[in-house]
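Trainee: What follows is a structure written as structure tokens; I'll ask about it next.
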Amino acid sequence: MNTHGLLIADEDLATRTQMAELFSADGYAVTAPTSLAGALAGILKKTVKVVLLSTRFDEVLATELIPLLKQCNRDLSIILVASELPLALLRKARNEGIFYHALKPVQPGDEEELRQAVKCAFDKIDQHDGTAAG
């Protein structure tokens, strides 16, 4: 079975912990670093395939971070997790190559959108790598 490396880049410890527990329980190999250096290590080693990125991580805005992450691994799927995002910033993030923009879960049950986005991102990667049927 493939190891599906998922990185959670969120400054909020509670959110990072909650997402790590959720996706670990779903069978993903989750990394939830506390620093940008820790995040980049997994991306450069190509053990991470999908990133859940909040609007800010380690004091860097997502719109500044997305191009850097893509330079480290152009095949990386980035899911921007943000509720309140100005349209101009969302457009910039899309132009930089995010895979999906998901709303930040607020209540129990809200995480289903994220689950589906992560599953779709890994399905696309598996199809590209030739590891999935179809």
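A note on labels: chains of the structure tokens are A, B, ... as shown, every chain counts residues from 1, and ligands are counted from 1 in their shown order.
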Quick check for you: according to DSSP on this backbone, which residues of chain A are classed as helix (DSSP H, G or I)? Reply as a ChimeraX atom specification.

Mentor: /A:13-25,36-44,62-72,87-96,112-129

Trainee: Only C-alpha atoms, please: the residues just picked out, written as a compact mmCIF listing (two decimals), in the first residue's frame.

Mentor:
# COMPACT_ATOMS: atom_id res chain seq x y z
CA LEU A 13 -1.85 24.32 17.53
CA ALA A 14 -5.41 23.19 18.32
CA THR A 15 -6.37 23.11 14.63
CA ARG A 16 -3.13 21.37 13.68
CA THR A 17 -3.67 18.72 16.36
CA GLN A 18 -7.33 18.20 15.46
CA MET A 19 -6.55 17.80 11.75
CA ALA A 20 -3.60 15.50 12.47
CA GLU A 21 -5.80 13.22 14.58
CA LEU A 22 -8.59 13.25 12.00
CA PHE A 23 -6.40 12.34 9.03
CA SER A 24 -4.24 9.88 10.96
CA ALA A 25 -7.43 8.02 11.85
CA LEU A 36 8.40 26.32 8.02
CA ALA A 37 11.77 24.52 8.11
CA GLY A 38 10.05 21.35 9.31
CA ALA A 39 7.44 21.64 6.58
CA LEU A 40 10.02 22.17 3.85
CA ALA A 41 12.03 19.12 4.96
CA GLY A 42 9.18 16.72 4.19
CA ILE A 43 8.38 18.46 0.93
CA LEU A 44 11.99 18.42 -0.26
CA ALA A 62 0.01 31.45 2.31
CA THR A 63 0.17 33.49 -0.90
CA GLU A 64 3.90 33.96 -0.30
CA LEU A 65 4.40 30.35 0.75
CA ILE A 66 2.60 28.61 -2.13
CA PRO A 67 5.19 29.53 -4.82
CA LEU A 68 8.01 28.40 -2.50
CA LEU A 69 6.34 25.06 -1.83
CA LYS A 70 5.73 24.56 -5.56
CA GLN A 71 9.40 25.30 -6.28
CA CYS A 72 10.36 22.57 -3.82
CA LEU A 87 -11.13 37.59 -3.23
CA ALA A 88 -7.86 39.13 -4.49
CA LEU A 89 -5.81 36.82 -2.25
CA LEU A 90 -7.87 33.79 -3.26
CA ARG A 91 -7.28 34.61 -6.94
CA LYS A 92 -3.56 34.97 -6.28
CA ALA A 93 -3.48 31.60 -4.50
CA ARG A 94 -5.31 29.96 -7.41
CA ASN A 95 -2.88 31.51 -9.89
CA GLU A 96 0.01 30.11 -7.83
CA GLU A 112 -16.13 16.40 5.48
CA GLU A 113 -15.21 18.94 2.77
CA LEU A 114 -11.55 18.64 3.77
CA ARG A 115 -11.74 14.85 3.79
CA GLN A 116 -13.14 14.86 0.26
CA ALA A 117 -10.54 17.38 -0.97
CA VAL A 118 -7.67 15.31 0.48
CA LYS A 119 -9.08 12.11 -1.00
CA CYS A 120 -9.42 13.75 -4.44
CA ALA A 121 -5.87 15.11 -4.25
CA PHE A 122 -4.43 11.68 -3.47
CA ASP A 123 -6.63 10.01 -6.11
CA LYS A 124 -5.25 12.41 -8.70
CA ILE A 125 -1.68 11.74 -7.57
CA ASP A 126 -2.25 7.97 -7.66
CA GLN A 127 -3.69 8.19 -11.17
CA HIS A 128 -0.74 10.29 -12.32
CA ASP A 129 1.70 7.83 -10.74

Trainee: Quick one: which stretch 59-97 of chain A residues come within 12 Å of stretch 3-8 of chain A, and what is the nearest atom pair for each with the distance in Å to one decimal, counting only C-alpha atoms, rows ordered by chain and ascending number, as a Markdown table?

Mentor:
| residue | atom | partner | partner_atom | distance |
| --- | --- | --- | --- | --- |
| A:Leu69 | CA | A:Leu7 | CA | 11.7 |
| A:Leu76 | CA | A:Leu6 | CA | 10.3 |
| A:Ser77 | CA | A:Leu6 | CA | 9.7 |
| A:Ile78 | CA | A:Leu7 | CA | 9.5 |
| A:Ile79 | CA | A:Ile8 | CA | 9.7 |
| A:Leu80 | CA | A:Ile8 | CA | 10.4 |
| A:Val81 | CA | A:Ile8 | CA | 10.0 |

Trainee: Take the residues from that selection and put them in a file with all heavy atoms, as a PDB file, in the first residue's frame.

Mentor:
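Below is the file out_34.pdb, written as the result:
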ATOM      1  N   LEU A  69       6.640  26.487  -1.935  1.00  0.00           N
ATOM      2  CA  LEU A  69       6.338  25.057  -1.833  1.00  0.00           C
ATOM      3  C   LEU A  69       6.339  24.413  -3.210  1.00  0.00           C
ATOM      4  O   LEU A  69       6.852  23.305  -3.387  1.00  0.00           O
ATOM      5  CB  LEU A  69       4.995  24.842  -1.143  1.00  0.00           C
ATOM      6  CG  LEU A  69       4.865  25.350   0.293  1.00  0.00           C
ATOM      7  CD1 LEU A  69       3.456  25.097   0.817  1.00  0.00           C
ATOM      8  CD2 LEU A  69       5.913  24.739   1.200  1.00  0.00           C
ATOM      9  N   LEU A  76       3.315  18.859  -5.912  1.00  0.00           N
ATOM     10  CA  LEU A  76       2.637  18.960  -4.625  1.00  0.00           C
ATOM     11  C   LEU A  76       1.211  19.474  -4.800  1.00  0.00           C
ATOM     12  O   LEU A  76       0.971  20.413  -5.563  1.00  0.00           O
ATOM     13  CB  LEU A  76       3.429  19.942  -3.747  1.00  0.00           C
ATOM     14  CG  LEU A  76       3.128  20.014  -2.277  1.00  0.00           C
ATOM     15  CD1 LEU A  76       3.470  18.693  -1.591  1.00  0.00           C
ATOM     16  CD2 LEU A  76       3.943  21.134  -1.658  1.00  0.00           C
ATOM     17  N   SER A  77       0.266  18.852  -4.124  1.00  0.00           N
ATOM     18  CA  SER A  77      -1.121  19.324  -4.121  1.00  0.00           C
ATOM     19  C   SER A  77      -1.334  20.126  -2.845  1.00  0.00           C
ATOM     20  O   SER A  77      -1.177  19.597  -1.738  1.00  0.00           O
ATOM     21  CB  SER A  77      -2.100  18.157  -4.171  1.00  0.00           C
ATOM     22  OG  SER A  77      -2.032  17.511  -5.411  1.00  0.00           O
ATOM     23  N   ILE A  78      -1.673  21.394  -3.015  1.00  0.00           N
ATOM     24  CA  ILE A  78      -1.870  22.289  -1.871  1.00  0.00           C
ATOM     25  C   ILE A  78      -3.350  22.606  -1.741  1.00  0.00           C
ATOM     26  O   ILE A  78      -3.984  23.082  -2.683  1.00  0.00           O
ATOM     27  CB  ILE A  78      -1.065  23.596  -2.038  1.00  0.00           C
ATOM     28  CG1 ILE A  78       0.426  23.280  -2.148  1.00  0.00           C
ATOM     29  CG2 ILE A  78      -1.348  24.542  -0.869  1.00  0.00           C
ATOM     30  CD1 ILE A  78       1.288  24.468  -2.542  1.00  0.00           C
ATOM     31  N   ILE A  79      -3.884  22.323  -0.556  1.00  0.00           N
ATOM     32  CA  ILE A  79      -5.274  22.649  -0.244  1.00  0.00           C
ATOM     33  C   ILE A  79      -5.245  23.804   0.734  1.00  0.00           C
ATOM     34  O   ILE A  79      -4.768  23.668   1.862  1.00  0.00           O
ATOM     35  CB  ILE A  79      -6.014  21.437   0.353  1.00  0.00           C
ATOM     36  CG1 ILE A  79      -6.032  20.285  -0.669  1.00  0.00           C
ATOM     37  CG2 ILE A  79      -7.434  21.829   0.771  1.00  0.00           C
ATOM     38  CD1 ILE A  79      -6.526  18.972  -0.112  1.00  0.00           C
ATOM     39  N   LEU A  80      -5.710  24.960   0.286  1.00  0.00           N
ATOM     40  CA  LEU A  80      -5.760  26.148   1.125  1.00  0.00           C
ATOM     41  C   LEU A  80      -6.989  26.057   2.011  1.00  0.00           C
ATOM     42  O   LEU A  80      -8.109  25.893   1.517  1.00  0.00           O
ATOM     43  CB  LEU A  80      -5.810  27.404   0.250  1.00  0.00           C
ATOM     44  CG  LEU A  80      -5.824  28.738   0.973  1.00  0.00           C
ATOM     45  CD1 LEU A  80      -4.544  28.924   1.796  1.00  0.00           C
ATOM     46  CD2 LEU A  80      -5.970  29.869  -0.030  1.00  0.00           C
ATOM     47  N   VAL A  81      -6.782  26.140   3.321  1.00  0.00           N
ATOM     48  CA  VAL A  81      -7.875  26.019   4.288  1.00  0.00           C
ATOM     49  C   VAL A  81      -8.071  27.382   4.939  1.00  0.00           C
ATOM     50  O   VAL A  81      -7.273  27.799   5.784  1.00  0.00           O
ATOM     51  CB  VAL A  81      -7.562  24.948   5.358  1.00  0.00           C
ATOM     52  CG1 VAL A  81      -8.738  24.789   6.310  1.00  0.00           C
ATOM     53  CG2 VAL A  81      -7.213  23.624   4.702  1.00  0.00           C
TER      54      VAL A  81
END

Trainee: Which residues in stretch 2-96 of chain A does DSSP call strand (DSSP E)? List them as a PyMOL selection string.

Mentor: chain A and resi 5-9+29-31+50-53+56-57+60-61+77-81

Trainee: Write out, as a PDB file, in the first residue's frame, the residues just selected, with N, CA, C and O atoms.

Mentor:
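The result, stored in again.pdb:
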ATOM      1  N   GLY A   5       1.532  10.723   2.224  1.00  0.00           N
ATOM      2  CA  GLY A   5       2.080  11.742   3.112  1.00  0.00           C
ATOM      3  C   GLY A   5       1.294  13.037   3.042  1.00  0.00           C
ATOM      4  O   GLY A   5       1.201  13.666   1.994  1.00  0.00           O
ATOM      5  N   LEU A   6       0.731  13.435   4.160  1.00  0.00           N
ATOM      6  CA  LEU A   6      -0.078  14.641   4.290  1.00  0.00           C
ATOM      7  C   LEU A   6       0.565  15.556   5.310  1.00  0.00           C
ATOM      8  O   LEU A   6       0.862  15.133   6.429  1.00  0.00           O
ATOM      9  N   LEU A   7       0.787  16.810   4.928  1.00  0.00           N
ATOM     10  CA  LEU A   7       1.386  17.789   5.821  1.00  0.00           C
ATOM     11  C   LEU A   7       0.335  18.816   6.200  1.00  0.00           C
ATOM     12  O   LEU A   7      -0.387  19.316   5.330  1.00  0.00           O
ATOM     13  N   ILE A   8       0.259  19.125   7.475  1.00  0.00           N
ATOM     14  CA  ILE A   8      -0.683  20.131   7.963  1.00  0.00           C
ATOM     15  C   ILE A   8       0.119  21.341   8.417  1.00  0.00           C
ATOM     16  O   ILE A   8       0.887  21.267   9.383  1.00  0.00           O
ATOM     17  N   ALA A   9      -0.034  22.444   7.685  1.00  0.00           N
ATOM     18  CA  ALA A   9       0.698  23.675   7.965  1.00  0.00           C
ATOM     19  C   ALA A   9      -0.290  24.729   8.452  1.00  0.00           C
ATOM     20  O   ALA A   9      -0.916  25.428   7.652  1.00  0.00           O
ATOM     21  N   ALA A  29      -0.388   9.218   6.397  1.00  0.00           N
ATOM     22  CA  ALA A  29       0.854   9.455   7.137  1.00  0.00           C
ATOM     23  C   ALA A  29       0.963  10.966   7.334  1.00  0.00           C
ATOM     24  O   ALA A  29       1.371  11.697   6.433  1.00  0.00           O
ATOM     25  N   VAL A  30       0.565  11.433   8.508  1.00  0.00           N
ATOM     26  CA  VAL A  30       0.433  12.863   8.769  1.00  0.00           C
ATOM     27  C   VAL A  30       1.681  13.432   9.425  1.00  0.00           C
ATOM     28  O   VAL A  30       2.236  12.855  10.353  1.00  0.00           O
ATOM     29  N   THR A  31       2.084  14.596   8.921  1.00  0.00           N
ATOM     30  CA  THR A  31       3.143  15.390   9.521  1.00  0.00           C
ATOM     31  C   THR A  31       2.526  16.742   9.866  1.00  0.00           C
ATOM     32  O   THR A  31       1.842  17.328   9.024  1.00  0.00           O
ATOM     33  N   VAL A  50       0.559  15.961  -0.253  1.00  0.00           N
ATOM     34  CA  VAL A  50      -0.546  16.913  -0.122  1.00  0.00           C
ATOM     35  C   VAL A  50      -0.305  17.769   1.112  1.00  0.00           C
ATOM     36  O   VAL A  50       0.132  17.266   2.147  1.00  0.00           O
ATOM     37  N   VAL A  51      -0.598  19.065   0.981  1.00  0.00           N
ATOM     38  CA  VAL A  51      -0.435  20.003   2.090  1.00  0.00           C
ATOM     39  C   VAL A  51      -1.764  20.677   2.380  1.00  0.00           C
ATOM     40  O   VAL A  51      -2.422  21.183   1.464  1.00  0.00           O
ATOM     41  N   LEU A  52      -2.161  20.677   3.644  1.00  0.00           N
ATOM     42  CA  LEU A  52      -3.269  21.496   4.117  1.00  0.00           C
ATOM     43  C   LEU A  52      -2.638  22.759   4.672  1.00  0.00           C
ATOM     44  O   LEU A  52      -1.919  22.712   5.671  1.00  0.00           O
ATOM     45  N   LEU A  53      -2.872  23.880   4.024  1.00  0.00           N
ATOM     46  CA  LEU A  53      -2.196  25.138   4.353  1.00  0.00           C
ATOM     47  C   LEU A  53      -3.202  26.186   4.790  1.00  0.00           C
ATOM     48  O   LEU A  53      -4.154  26.479   4.067  1.00  0.00           O
ATOM     49  N   ARG A  56      -1.871  31.544   7.073  1.00  0.00           N
ATOM     50  CA  ARG A  56      -0.568  31.967   7.596  1.00  0.00           C
ATOM     51  C   ARG A  56       0.066  30.781   8.308  1.00  0.00           C
ATOM     52  O   ARG A  56      -0.594  30.072   9.051  1.00  0.00           O
ATOM     53  N   PHE A  57       1.372  30.590   8.073  1.00  0.00           N
ATOM     54  CA  PHE A  57       2.101  29.524   8.753  1.00  0.00           C
ATOM     55  C   PHE A  57       3.501  30.015   9.042  1.00  0.00           C
ATOM     56  O   PHE A  57       4.206  30.478   8.137  1.00  0.00           O
ATOM     57  N   VAL A  60       4.381  33.463   7.828  1.00  0.00           N
ATOM     58  CA  VAL A  60       4.451  33.704   6.387  1.00  0.00           C
ATOM     59  C   VAL A  60       3.048  33.515   5.815  1.00  0.00           C
ATOM     60  O   VAL A  60       2.381  32.525   6.116  1.00  0.00           O
ATOM     61  N   LEU A  61       2.608  34.472   4.990  1.00  0.00           N
ATOM     62  CA  LEU A  61       1.297  34.366   4.357  1.00  0.00           C
ATOM     63  C   LEU A  61       1.281  33.229   3.344  1.00  0.00           C
ATOM     64  O   LEU A  61       2.273  32.978   2.663  1.00  0.00           O
ATOM     65  N   SER A  77       0.266  18.852  -4.124  1.00  0.00           N
ATOM     66  CA  SER A  77      -1.121  19.324  -4.121  1.00  0.00           C
ATOM     67  C   SER A  77      -1.334  20.126  -2.845  1.00  0.00           C
ATOM     68  O   SER A  77      -1.177  19.597  -1.738  1.00  0.00           O
ATOM     69  N   ILE A  78      -1.673  21.394  -3.015  1.00  0.00           N
ATOM     70  CA  ILE A  78      -1.870  22.289  -1.871  1.00  0.00           C
ATOM     71  C   ILE A  78      -3.350  22.606  -1.741  1.00  0.00           C
ATOM     72  O   ILE A  78      -3.984  23.082  -2.683  1.00  0.00           O
ATOM     73  N   ILE A  79      -3.884  22.323  -0.556  1.00  0.00           N
ATOM     74  CA  ILE A  79      -5.274  22.649  -0.244  1.00  0.00           C
ATOM     75  C   ILE A  79      -5.245  23.804   0.734  1.00  0.00           C
ATOM     76  O   ILE A  79      -4.768  23.668   1.862  1.00  0.00           O
ATOM     77  N   LEU A  80      -5.710  24.960   0.286  1.00  0.00           N
ATOM     78  CA  LEU A  80      -5.760  26.148   1.125  1.00  0.00           C
ATOM     79  C   LEU A  80      -6.989  26.057   2.011  1.00  0.00           C
ATOM     80  O   LEU A  80      -8.109  25.893   1.517  1.00  0.00           O
ATOM     81  N   VAL A  81      -6.782  26.140   3.321  1.00  0.00           N
ATOM     82  CA  VAL A  81      -7.875  26.019   4.288  1.00  0.00           C
ATOM     83  C   VAL A  81      -8.071  27.382   4.939  1.00  0.00           C
ATOM     84  O   VAL A  81      -7.273  27.799   5.784  1.00  0.00           O
TER      85      VAL A  81
END

Trainee: Mind giving me the straight-line distance from atom CA of A:Pro108 to atom CA of A:Leu85 in Å, one decimal?

Mentor: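 These atoms are spaced 21.6 Å apart.
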
Trainee: Just how far from atom CA of A:Thr55 is atom CA of A:Pro86, in Å to one decimal?

Mentor: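 Interatomic distance, atom CA of A:Pro86 to atom CA of A:Thr55: 10.8 Å.
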
Trainee: Give the answer as one residue: which of A:Glu84, A:Gly109, A:Ser35, A:Arg74 has the shortest atom-to-atom distance to A:Gly97, using only C-alpha atoms?

Mentor: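 With only C-alpha atoms as the atom set, the closest residue is A:Arg74.
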